[in-house]
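Source file: structure.cif. Holds: mmCIF, C-alpha atoms and all ligand atoms.
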data_work
#
loop_
_atom_site.label_atom_id
_atom_site.label_comp_id
_atom_site.auth_asym_id
_atom_site.auth_seq_id
_atom_site.Cartn_x
_atom_site.Cartn_y
_atom_site.Cartn_z
CA MET K 1 15.83 -16.07 -12.05
CA GLU K 2 16.15 -16.17 -15.86
CA GLY K 3 18.57 -13.54 -17.15
CA GLN K 4 19.68 -12.69 -13.63
CA THR K 5 23.30 -13.43 -12.79
CA GLY K 6 24.85 -12.18 -9.57
CA PRO K 7 23.25 -10.28 -6.68
CA MET K 8 20.15 -8.10 -7.20
CA ARG K 9 20.30 -4.35 -7.46
CA VAL K 10 16.83 -3.36 -6.31
CA LEU K 11 15.28 0.03 -7.02
CA VAL K 12 12.41 0.78 -4.62
CA THR K 13 10.22 3.54 -6.03
CA GLY K 14 8.18 5.19 -3.28
CA GLY K 15 10.95 4.23 -0.86
CA SER K 16 10.28 7.17 1.45
CA GLY K 17 6.63 6.27 2.11
CA LEU K 18 4.83 4.07 4.62
CA VAL K 19 5.54 0.79 2.82
CA GLY K 20 8.95 1.86 1.50
CA ARG K 21 10.25 2.75 4.96
CA ALA K 22 9.05 -0.60 6.31
CA ILE K 23 10.91 -2.40 3.52
CA GLU K 24 14.02 -0.35 4.26
CA ARG K 25 13.84 -1.41 7.93
CA VAL K 26 13.40 -5.09 7.05
CA VAL K 27 16.23 -4.92 4.49
CA LYS K 28 18.66 -3.04 6.73
CA GLU K 29 17.72 -4.16 10.25
CA GLU K 30 16.17 -7.61 9.89
CA GLY K 31 18.69 -9.16 7.54
CA GLY K 32 16.36 -8.83 4.56
CA ALA K 33 19.26 -8.05 2.22
CA ARG K 34 21.55 -10.84 0.99
CA GLU K 35 25.31 -10.79 0.36
CA GLY K 36 26.29 -8.33 -2.35
CA GLU K 37 22.77 -6.98 -2.93
CA GLU K 38 22.23 -3.27 -3.41
CA TRP K 39 18.95 -1.63 -2.36
CA ILE K 40 18.14 1.92 -3.47
CA PHE K 41 15.16 3.70 -1.84
CA LEU K 42 13.80 6.58 -3.92
CA SER K 43 11.67 9.56 -2.96
CA SER K 44 10.11 12.08 -5.36
CA LYS K 45 13.17 14.27 -4.75
CA ASP K 46 15.31 11.71 -6.63
CA ALA K 47 12.92 11.77 -9.61
CA ASP K 48 9.40 12.91 -10.31
CA LEU K 49 8.18 9.67 -11.85
CA THR K 50 5.33 11.42 -13.64
CA ASN K 51 8.15 12.84 -15.80
CA ALA K 52 9.54 10.39 -18.39
CA SER K 53 13.00 11.95 -18.66
CA GLU K 54 13.47 12.11 -14.87
CA THR K 55 12.39 8.49 -14.69
CA LYS K 56 14.91 7.53 -17.37
CA ALA K 57 17.68 9.47 -15.62
CA VAL K 58 17.17 7.66 -12.31
CA PHE K 59 17.19 4.27 -14.06
CA GLU K 60 20.33 5.35 -15.98
CA LYS K 61 21.97 6.28 -12.66
CA HIS K 62 21.13 3.07 -10.79
CA ARG K 63 20.68 0.46 -13.57
CA PRO K 64 18.55 -1.82 -11.37
CA THR K 65 18.09 -5.55 -12.00
CA HIS K 66 14.81 -5.52 -10.03
CA VAL K 67 12.20 -2.89 -9.21
CA LEU K 68 9.80 -2.79 -6.28
CA HIS K 69 7.33 -0.22 -7.61
CA LEU K 70 5.54 1.44 -4.67
CA ALA K 71 5.48 5.09 -5.84
CA ALA K 72 1.99 6.47 -6.24
CA MET K 73 -0.31 9.29 -5.32
CA VAL K 74 -1.95 7.68 -2.27
CA GLY K 75 -4.67 8.83 0.09
CA GLY K 76 -7.62 7.86 2.23
CA LEU K 77 -11.27 7.80 1.28
CA PHE K 78 -11.88 11.53 1.70
CA ARG K 79 -8.95 12.65 -0.43
CA ASN K 80 -9.99 10.18 -3.12
CA LEU K 81 -13.52 11.59 -3.05
CA ARG K 82 -12.09 15.06 -3.70
CA GLU K 83 -9.38 14.32 -6.27
CA ASN K 84 -10.31 11.38 -8.51
CA TYR K 85 -8.89 13.06 -11.63
CA ASP K 86 -5.48 13.70 -10.05
CA PHE K 87 -5.30 10.15 -8.68
CA LEU K 88 -6.07 8.82 -12.16
CA ARG K 89 -3.72 11.01 -14.17
CA LYS K 90 -0.71 11.03 -11.84
CA ASN K 91 -0.79 7.31 -11.17
CA LEU K 92 -1.25 6.44 -14.85
CA ALA K 93 1.79 8.60 -15.66
CA ILE K 94 3.95 7.12 -12.88
CA ASN K 95 3.02 3.56 -13.80
CA ASP K 96 3.58 4.01 -17.54
CA ASN K 97 6.98 5.64 -16.97
CA VAL K 98 8.24 3.10 -14.44
CA LEU K 99 7.18 -0.02 -16.34
CA HIS K 100 8.26 1.25 -19.75
CA THR K 101 11.64 2.40 -18.45
CA ALA K 102 12.15 -0.87 -16.58
CA HIS K 103 11.58 -2.70 -19.86
CA GLU K 104 13.94 -0.36 -21.74
CA PHE K 105 16.65 -1.02 -19.13
CA ASN K 106 16.07 -4.75 -19.27
CA VAL K 107 14.97 -5.02 -15.63
CA VAL K 108 14.53 -8.73 -14.85
CA LYS K 109 11.50 -8.36 -12.54
CA VAL K 110 9.13 -5.60 -11.43
CA VAL K 111 6.69 -5.97 -8.54
CA SER K 112 3.99 -3.28 -8.58
CA CYS K 113 1.26 -2.42 -6.09
CA LEU K 114 -2.49 -2.68 -6.54
CA SER K 115 -4.93 -2.39 -3.60
CA THR K 116 -7.98 -4.24 -2.26
CA CYS K 117 -10.01 -1.05 -2.77
CA ILE K 118 -9.81 -1.34 -6.58
CA PHE K 119 -12.03 -4.41 -6.93
CA PRO K 120 -15.60 -4.23 -8.32
CA ASP K 121 -17.99 -2.68 -5.82
CA ASN K 122 -20.87 -4.94 -6.82
CA THR K 123 -19.27 -8.32 -6.11
CA THR K 124 -19.49 -11.62 -4.29
CA TYR K 125 -17.28 -12.22 -1.26
CA PRO K 126 -14.61 -13.03 -0.46
CA ILE K 127 -12.83 -11.16 -3.26
CA ASP K 128 -9.91 -12.98 -4.86
CA GLU K 129 -7.18 -12.12 -7.38
CA THR K 130 -9.23 -13.29 -10.37
CA MET K 131 -11.88 -10.61 -9.82
CA VAL K 132 -9.91 -7.37 -10.44
CA HIS K 133 -11.62 -6.42 -13.71
CA ARG K 134 -15.09 -7.92 -13.28
CA GLY K 135 -16.93 -4.65 -12.89
CA PRO K 136 -16.60 -0.96 -12.02
CA PRO K 137 -14.84 -0.01 -8.79
CA HIS K 138 -16.51 1.90 -5.97
CA SER K 139 -17.30 5.47 -7.08
CA SER K 140 -15.29 7.00 -4.20
CA ASN K 141 -11.90 6.14 -5.72
CA PHE K 142 -12.50 5.19 -9.37
CA GLY K 143 -9.56 7.32 -10.52
CA TYR K 144 -7.03 5.55 -8.32
CA ALA K 145 -8.67 2.18 -8.97
CA TYR K 146 -8.53 2.35 -12.77
CA ALA K 147 -4.93 3.59 -12.70
CA LYS K 148 -4.00 0.66 -10.49
CA ARG K 149 -5.90 -1.87 -12.60
CA MET K 150 -3.84 -0.78 -15.61
CA LEU K 151 -0.72 -2.12 -13.84
CA ASP K 152 -2.18 -5.61 -14.11
CA VAL K 153 -3.08 -5.00 -17.77
CA TYR K 154 0.46 -3.72 -18.47
CA ASN K 155 1.98 -6.78 -16.77
CA ARG K 156 0.02 -9.15 -18.99
CA ALA K 157 0.92 -7.15 -22.09
CA TYR K 158 4.64 -7.13 -21.21
CA PHE K 159 4.57 -10.85 -20.62
CA GLU K 160 2.72 -11.64 -23.86
CA GLN K 161 4.81 -9.41 -26.13
CA HIS K 162 8.19 -9.38 -24.38
CA GLY K 163 8.16 -12.35 -22.01
CA ARG K 164 8.71 -10.02 -19.05
CA LEU K 165 7.99 -11.31 -15.55
CA TYR K 166 6.39 -8.11 -14.30
CA THR K 167 3.85 -8.86 -11.57
CA SER K 168 1.87 -7.15 -8.81
CA ILE K 169 0.75 -7.48 -5.21
CA ILE K 170 -2.66 -6.50 -3.84
CA PRO K 171 -2.22 -5.26 -0.26
CA THR K 172 -5.23 -4.57 1.92
CA ASN K 173 -5.27 -1.37 4.03
CA VAL K 174 -1.75 -0.79 5.34
CA PHE K 175 -0.73 1.04 8.50
CA GLY K 176 2.37 1.57 10.61
CA PRO K 177 5.27 3.93 11.39
CA HIS K 178 5.99 6.64 8.77
CA ASP K 179 2.35 6.62 7.63
CA ASN K 180 0.62 9.80 6.45
CA PHE K 181 -1.14 10.96 9.64
CA ASN K 182 -2.79 13.95 7.96
CA ILE K 183 -6.39 14.13 9.18
CA GLU K 184 -7.92 15.28 5.85
CA ASP K 185 -5.88 13.17 3.42
CA GLY K 186 -4.69 10.16 5.41
CA HIS K 187 -6.17 6.70 5.76
CA VAL K 188 -8.47 5.89 8.64
CA LEU K 189 -5.98 4.39 11.11
CA PRO K 190 -3.33 7.13 11.03
CA ALA K 191 -6.03 9.84 10.90
CA LEU K 192 -7.72 8.45 14.02
CA ILE K 193 -4.39 8.07 15.83
CA HIS K 194 -3.67 11.72 15.08
CA LYS K 195 -7.19 12.77 16.12
CA ALA K 196 -6.85 10.87 19.40
CA HIS K 197 -3.56 12.66 20.07
CA ILE K 198 -5.19 16.07 19.52
CA ALA K 199 -8.35 15.20 21.52
CA LYS K 200 -6.22 14.00 24.45
CA ARG K 201 -4.01 17.11 24.33
CA ASN K 202 -6.93 19.56 24.05
CA GLY K 203 -9.44 17.72 26.26
CA THR K 204 -11.90 17.58 23.34
CA ALA K 205 -13.96 14.78 21.78
CA LEU K 206 -12.53 12.27 19.31
CA GLU K 207 -14.56 12.68 16.12
CA VAL K 208 -14.95 9.61 13.93
CA TRP K 209 -16.20 10.14 10.38
CA GLY K 210 -19.02 7.92 9.07
CA SER K 211 -21.16 5.44 10.99
CA GLY K 212 -18.31 3.16 12.07
CA ARG K 213 -20.11 0.23 10.44
CA ALA K 214 -17.67 -0.18 7.52
CA LEU K 215 -15.53 -3.31 7.61
CA ARG K 216 -11.82 -3.46 6.75
CA GLN K 217 -8.83 -5.80 6.92
CA PHE K 218 -5.56 -4.17 7.98
CA ILE K 219 -1.98 -5.30 7.40
CA TYR K 220 0.91 -3.96 9.46
CA SER K 221 3.50 -2.30 7.20
CA LEU K 222 6.34 -4.46 8.55
CA ASP K 223 4.42 -7.66 7.78
CA LEU K 224 3.73 -6.38 4.27
CA ALA K 225 7.42 -5.53 3.87
CA ARG K 226 8.48 -9.07 4.83
CA LEU K 227 6.01 -10.46 2.28
CA CYS K 228 7.21 -8.02 -0.41
CA LEU K 229 10.74 -9.41 -0.13
CA TRP K 230 9.38 -12.92 -0.53
CA VAL K 231 7.36 -11.89 -3.61
CA LEU K 232 10.40 -10.19 -5.14
CA ARG K 233 12.58 -13.27 -4.64
CA GLU K 234 10.22 -16.23 -4.98
CA TYR K 235 6.83 -15.40 -6.55
CA ASP K 236 6.98 -16.10 -10.29
CA GLU K 237 3.44 -15.59 -11.58
CA VAL K 238 2.40 -12.58 -13.67
CA GLU K 239 -1.01 -12.80 -12.01
CA PRO K 240 -1.32 -10.60 -8.87
CA ILE K 241 -1.24 -11.99 -5.33
CA MET K 242 -3.30 -10.61 -2.44
CA LEU K 243 -1.20 -9.67 0.60
CA SER K 244 -3.71 -9.46 3.41
CA VAL K 245 -4.67 -10.92 6.75
CA GLY K 246 -7.45 -13.51 6.53
CA GLU K 247 -11.16 -12.79 6.14
CA GLU K 248 -11.61 -13.72 9.79
CA GLU K 249 -9.52 -10.64 10.72
CA GLU K 250 -12.05 -8.28 9.13
CA ILE K 251 -12.94 -5.60 11.70
CA SER K 252 -15.43 -2.74 11.91
CA ILE K 253 -14.22 0.86 12.04
CA LYS K 254 -15.98 1.14 15.39
CA ASP K 255 -13.95 -1.74 16.83
CA VAL K 256 -10.80 -0.11 15.42
CA VAL K 257 -11.74 3.12 17.19
CA ASP K 258 -12.07 1.25 20.51
CA ILE K 259 -8.60 -0.29 20.05
CA ILE K 260 -7.04 3.08 19.18
CA VAL K 261 -8.76 4.76 22.15
CA LYS K 262 -7.26 2.12 24.44
CA ALA K 263 -3.80 2.21 22.84
CA SER K 264 -3.74 6.04 22.96
CA GLU K 265 -5.06 6.01 26.56
CA PHE K 266 -7.72 8.51 25.46
CA THR K 267 -10.49 8.80 28.07
CA GLY K 268 -12.65 11.54 26.53
CA PRO K 269 -15.88 11.28 24.51
CA VAL K 270 -16.00 9.64 21.08
CA ILE K 271 -18.55 10.99 18.60
CA TYR K 272 -19.54 9.64 15.17
CA ASP K 273 -20.37 12.05 12.35
CA ALA K 274 -22.69 9.83 10.29
CA SER K 275 -23.11 12.64 7.75
CA LYS K 276 -19.63 11.75 6.46
CA SER K 277 -19.18 8.89 3.96
CA ASP K 278 -18.49 5.29 4.98
CA GLY K 279 -17.01 4.64 1.53
CA GLN K 280 -17.12 0.95 0.65
CA LEU K 281 -19.02 -0.86 3.38
CA LYS K 282 -16.82 -3.92 2.91
CA LYS K 283 -14.14 -5.28 0.58
CA THR K 284 -13.56 -8.68 2.15
CA ALA K 285 -10.45 -10.17 0.58
CA SER K 286 -9.36 -13.79 0.56
CA ASN K 287 -5.70 -14.54 1.30
CA ALA K 288 -6.08 -18.22 0.31
CA LYS K 289 -3.56 -17.86 -2.54
CA LEU K 290 -0.97 -16.35 -0.15
CA ARG K 291 -1.67 -19.14 2.34
CA ARG K 292 -1.05 -21.75 -0.38
CA TYR K 293 2.41 -20.26 -0.88
CA ARG K 294 3.13 -19.20 2.69
CA PRO K 295 1.21 -21.32 5.20
CA ASP K 296 4.05 -20.52 7.62
CA PHE K 297 3.71 -16.72 7.62
CA SER K 298 2.48 -15.18 10.88
CA PHE K 299 1.09 -11.65 11.02
CA THR K 300 1.80 -9.28 13.91
CA PRO K 301 -1.22 -9.29 16.28
CA PHE K 302 -3.40 -6.28 15.41
CA HIS K 303 -3.47 -4.79 18.93
CA LYS K 304 0.33 -4.98 19.13
CA ALA K 305 0.77 -3.37 15.73
CA ILE K 306 -1.64 -0.55 16.65
CA LYS K 307 0.18 0.07 19.94
CA GLU K 308 3.56 0.17 18.16
CA THR K 309 2.15 2.64 15.62
CA CYS K 310 0.63 4.88 18.33
CA ASP K 311 3.90 4.83 20.27
CA TRP K 312 5.88 5.62 17.11
CA PHE K 313 3.59 8.57 16.36
CA GLU K 314 3.97 10.00 19.87
CA ALA K 315 7.75 9.55 19.78
CA ASN K 316 8.05 11.09 16.29
CA TYR K 317 5.24 13.65 16.47
CA ASP K 318 7.35 16.59 15.32
CA SER K 319 8.70 14.87 12.19
CA ALA K 320 5.69 12.68 11.30
CA ARG K 321 3.72 13.42 8.11
CA LYS K 322 0.53 15.05 9.47
P1 LIG U 1 2.86 6.86 0.77
O1 LIG U 1 3.24 6.69 2.18
O2 LIG U 1 1.95 7.97 0.37
O3 LIG U 1 4.22 6.98 -0.10
C1 LIG U 1 4.12 7.25 -1.47
C2 LIG U 1 5.51 7.18 -2.05
O4 LIG U 1 5.44 7.45 -3.44
C3 LIG U 1 6.46 8.20 -1.41
O5 LIG U 1 7.75 7.67 -1.36
C4 LIG U 1 6.40 9.34 -2.41
O6 LIG U 1 7.56 10.16 -2.43
C5 LIG U 1 6.31 8.54 -3.71
N1 LIG U 1 5.76 9.36 -4.79
C6 LIG U 1 4.53 9.93 -4.85
N2 LIG U 1 4.42 10.62 -5.99
C7 LIG U 1 5.61 10.52 -6.66
C8 LIG U 1 6.13 11.01 -7.88
N3 LIG U 1 5.40 11.80 -8.68
N4 LIG U 1 7.39 10.68 -8.23
C9 LIG U 1 8.14 9.89 -7.44
N5 LIG U 1 7.72 9.36 -6.26
C10 LIG U 1 6.46 9.69 -5.89
O7 LIG U 1 2.22 5.53 0.16
P2 LIG U 1 2.21 4.04 0.77
O8 LIG U 1 1.07 3.92 1.69
O9 LIG U 1 3.59 3.69 1.21
O10 LIG U 1 1.86 3.19 -0.55
C11 LIG U 1 2.86 2.49 -1.24
C12 LIG U 1 2.16 1.68 -2.32
O11 LIG U 1 1.24 0.77 -1.69
C13 LIG U 1 1.35 2.53 -3.27
O12 LIG U 1 1.50 2.04 -4.60
C14 LIG U 1 -0.09 2.34 -2.79
O13 LIG U 1 -1.01 2.51 -3.85
C15 LIG U 1 -0.05 0.93 -2.29
N6 LIG U 1 -1.08 0.62 -1.28
C16 LIG U 1 -1.15 1.35 -0.13
C17 LIG U 1 -2.14 1.02 0.82
C18 LIG U 1 -2.28 1.79 2.12
O14 LIG U 1 -3.24 1.55 2.87
N7 LIG U 1 -1.37 2.70 2.45
C19 LIG U 1 -3.03 -0.03 0.57
C20 LIG U 1 -2.89 -0.75 -0.61
C21 LIG U 1 -1.92 -0.41 -1.54
P3 LIG U 1 7.68 11.44 -1.42
O15 LIG U 1 7.95 10.88 -0.06
O16 LIG U 1 8.82 12.24 -1.99
O17 LIG U 1 6.35 12.15 -1.50
O1 LIG U 2 -8.54 4.22 5.09
P1 LIG U 2 -9.78 4.89 4.57
O2 LIG U 2 -9.77 6.37 4.49
O3 LIG U 2 -10.04 4.40 3.09
O4 LIG U 2 -11.00 4.37 5.46
P2 LIG U 2 -10.84 3.15 2.51
C1 LIG U 2 -12.25 4.99 5.32
C2 LIG U 2 -13.23 4.38 6.31
O5 LIG U 2 -12.90 4.80 7.66
C3 LIG U 2 -14.62 4.90 6.03
C4 LIG U 2 -13.94 5.65 8.16
O6 LIG U 2 -15.57 3.95 6.44
C5 LIG U 2 -14.68 6.14 6.91
O7 LIG U 2 -16.03 6.49 7.24
N1 LIG U 2 -13.34 6.74 8.94
C6 LIG U 2 -13.72 7.09 10.19
C7 LIG U 2 -12.34 7.55 8.56
N2 LIG U 2 -13.00 8.15 10.62
C8 LIG U 2 -12.12 8.44 9.61
C9 LIG U 2 -11.11 9.43 9.48
O8 LIG U 2 -10.86 10.26 10.37
N3 LIG U 2 -10.39 9.41 8.33
C10 LIG U 2 -10.63 8.50 7.33
N4 LIG U 2 -9.86 8.53 6.22
N5 LIG U 2 -11.61 7.57 7.41
C11 LIG U 2 -9.13 3.59 0.61
C12 LIG U 2 -9.11 4.02 -0.83
O9 LIG U 2 -10.45 3.25 0.95
O10 LIG U 2 -8.35 2.44 0.82
C13 LIG U 2 -7.70 4.29 -1.25
O11 LIG U 2 -9.91 5.18 -0.99
C14 LIG U 2 -6.73 3.25 -0.79
O12 LIG U 2 -7.69 4.41 -2.66
C15 LIG U 2 -7.00 2.74 0.60
O13 LIG U 2 -6.68 2.19 -1.68
C16 LIG U 2 -6.19 1.51 0.90
O14 LIG U 2 -10.32 1.89 3.06
O15 LIG U 2 -12.29 3.41 2.59
#

Mind turning the file's structure into structure tokens?
Amino acid sequence: MEGQTGPMRVLVTGGSGLVGRAIERVVKEEGGAREGEEWIFLSSKDADLTNASETKAVFEKHRPTHVLHLAAMVGGLFRNLRENYDFLRKNLAINDNVLHTAHEFNVVKVVSCLSTCIFPDNTTYPIDETMVHRGPPHSSNFGYAYAKRMLDVYNRAYFEQHGRLYTSIIPTNVFGPHDNFNIEDGHVLPALIHKAHIAKRNGTALEVWGSGRALRQFIYSLDLARLCLWVLREYDEVEPIMLSVGEEEEISIKDVVDIIVKASEFTGPVIYDASKSDGQLKKTASNAKLRRYRPDFSFTPFHKAIKETCDWFEANYDSARK
């Protein structure tokens, strides 16, 4: 890596979240870290990254050579529908502070996070990395989407003016241990796992929001973490790279519900509230670029990943974010 001598000192912003905790497990328990490397996992208690001086202070303290930038205001469809302004403003502030401070502290490489939900809503399929800016995002999360798209714009500007190799990944919907299981604000998988837990405990129905017809691709947080380490070490394009299971893994929310019902051993009634939004009906993403780089990578089977997540939630119910 140009300008990089000696082992990496990696600052992981958003280190206490779903993806950050998966990276910490891969780094510390799966031999993800190499000899002499230092990995620092931040939460908002270490620095509020919407605040420029707190951001500078945490970079001053750790002086990272690399940054895995995960920190963001994150939420499911229904929180995005309610708080587009906050998603826009907070994420713009976090992203500007982290990238600008990384540049000021001569960080060799930054890997930031976009999302498959930020692509144009009116599009052809499958979506690929070249299509990020080809039209307005879905109305449900335009605040989050535009803030995320600016990361890609920043990366190109840093490269053009300063020769910085700052790049980004585009994960599809992520799930796993340490997710946000809050029913109002969380993403669909953790919200349904939590709902199934409550319905089973109370002997009530499991209520699914929307028609169940929407289609999604899901990546297990541990698989994403393994790919993030590869991107940090080996991926040298400024252009983003999609980190997703293949198009053929696309699954309806209804089929997801059936898998969660089975994994949670819920035997009660399941009802669909079609008055609630489906959000984007589909956002089919191609992982062809990832496959060109990593034809060898194997994803955890979806059923297994769901079962592990359900079991984790039950075992950590008291401390889980819900
Ligand atoms: P998460 O579980 O909500 O974690 C968010 C992380 O960001 C936490 O560590 C949180 O710290 C930190 N954070 C939030 N606001 C902050 C602030 N003002 N200052 C400092 N830190 C702050 O999110 P996630 O699901 O792991 O997402 C990680 C990244 O992946 C995000 O960039 C997200 O946009 C992207 N992504 C997620 C998904 C998904 O389905 N989850 C899909 C595509 C892309 P605290 O713990 O202190 O709150
Ligand atoms: O994960 P999710 O909330 O966000 O999934 P998106 C929403 C889909 O799941 C919709 C259905 O089709 C909902 O109708 N659904 C069914 C539920 N039951 C539930 C439930 O109890 N909770 C939730 N949340 N959904 C997000 C973006 O879009 O994707 C974010 O808004 C983020 O910005 C994330 O990028 C990855 O996949 O629709």

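Between ligand LIG 2 (chain U) and the residues K:His103, K:Arg79, K:Arg164, K:Lys109, the shortest atom-to-atom distance, using only C-alpha atoms and all ligand atoms, involves K:Arg79.
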
Can you check which parts of chain K lie within 6 Å of ligand LIG 1 (chain U)? Per residue, the shortest pair of atoms and distance in Å to one decimal, counting only C-alpha atoms and all ligand atoms, sorted by chain and number, as a Markdown table.
| residue | atom | partner | partner_atom | distance |
| --- | --- | --- | --- | --- |
| K:Gly14 | CA | U:LIG1 | O5 | 3.2 |
| K:Gly15 | CA | U:LIG1 | O5 | 4.7 |
| K:Ser16 | CA | U:LIG1 | O5 | 3.8 |
| K:Gly17 | CA | U:LIG1 | O3 | 3.3 |
| K:Leu18 | CA | U:LIG1 | O9 | 3.6 |
| K:Val19 | CA | U:LIG1 | O9 | 3.8 |
| K:Gly20 | CA | U:LIG1 | O9 | 5.7 |
| K:Ser43 | CA | U:LIG1 | O16 | 4.0 |
| K:Ser44 | CA | U:LIG1 | C9 | 3.6 |
| K:Lys45 | CA | U:LIG1 | O16 | 5.5 |
| K:Ala47 | CA | U:LIG1 | C9 | 5.6 |
| K:Asp48 | CA | U:LIG1 | N4 | 3.7 |
| K:Leu49 | CA | U:LIG1 | N4 | 3.8 |
| K:Thr50 | CA | U:LIG1 | N3 | 5.0 |
| K:Leu70 | CA | U:LIG1 | O12 | 4.1 |
| K:Ala71 | CA | U:LIG1 | O4 | 3.4 |
| K:Ala72 | CA | U:LIG1 | C6 | 4.5 |
| K:Met73 | CA | U:LIG1 | C6 | 4.9 |
| K:Val74 | CA | U:LIG1 | O2 | 4.7 |
| K:Cys113 | CA | U:LIG1 | O12 | 4.7 |
| K:Leu114 | CA | U:LIG1 | C21 | 5.5 |
| K:Ser115 | CA | U:LIG1 | C20 | 4.0 |
| K:Pro171 | CA | U:LIG1 | C20 | 4.6 |
| K:Thr172 | CA | U:LIG1 | C20 | 5.1 |
| K:Asn173 | CA | U:LIG1 | O14 | 3.7 |
| K:Val174 | CA | U:LIG1 | O14 | 3.7 |
| K:Asp179 | CA | U:LIG1 | O1 | 5.5 |
| K:Asn180 | CA | U:LIG1 | O1 | 5.9 |

How many Å separate atom CA of K:Asn287 from atom CA of K:Ile241?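 So the answer is 8.4 Å.
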
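Within 9 Å of the point (19.0, -1.9, -1.8), counting all atoms listed in the file, the protein and nucleic acid residues come to Met8, Arg9, Val10, Leu11, Val12, Glu24, Val27, Lys28, Ala33, Glu37, Glu38, Trp39, Ile40 and Phe41 of chain K.
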
Test item: residues at most 12 Å from K:Cys310, only C-alpha atoms, excluding those fewer than 3 positions along its chain, as a ChimeraX atom specification: /K:175-179,181,189-197,259-266,303-307,313-317,320

With C-alpha atoms retained, export the selected residues as a compact mmCIF listing (two decimals), keeping the file's coordinate frame.
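Output (selection27.txt):
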# COMPACT_ATOMS: atom_id res chain seq x y z
CA PHE K 175 -0.73 1.04 8.50
CA GLY K 176 2.37 1.57 10.61
CA PRO K 177 5.27 3.93 11.39
CA HIS K 178 5.99 6.64 8.77
CA ASP K 179 2.35 6.62 7.63
CA PHE K 181 -1.14 10.96 9.64
CA LEU K 189 -5.98 4.39 11.11
CA PRO K 190 -3.33 7.13 11.03
CA ALA K 191 -6.03 9.84 10.90
CA LEU K 192 -7.72 8.45 14.02
CA ILE K 193 -4.39 8.07 15.83
CA HIS K 194 -3.67 11.72 15.08
CA LYS K 195 -7.19 12.77 16.12
CA ALA K 196 -6.85 10.87 19.40
CA HIS K 197 -3.56 12.66 20.07
CA ILE K 259 -8.60 -0.29 20.05
CA ILE K 260 -7.04 3.08 19.18
CA VAL K 261 -8.76 4.76 22.15
CA LYS K 262 -7.26 2.12 24.44
CA ALA K 263 -3.80 2.21 22.84
CA SER K 264 -3.74 6.04 22.96
CA GLU K 265 -5.06 6.01 26.56
CA PHE K 266 -7.72 8.51 25.46
CA HIS K 303 -3.47 -4.79 18.93
CA LYS K 304 0.33 -4.98 19.13
CA ALA K 305 0.77 -3.37 15.73
CA ILE K 306 -1.64 -0.55 16.65
CA LYS K 307 0.18 0.07 19.94
CA PHE K 313 3.59 8.57 16.36
CA GLU K 314 3.97 10.00 19.87
CA ALA K 315 7.75 9.55 19.78
CA ASN K 316 8.05 11.09 16.29
CA TYR K 317 5.24 13.65 16.47
CA ALA K 320 5.69 12.68 11.30
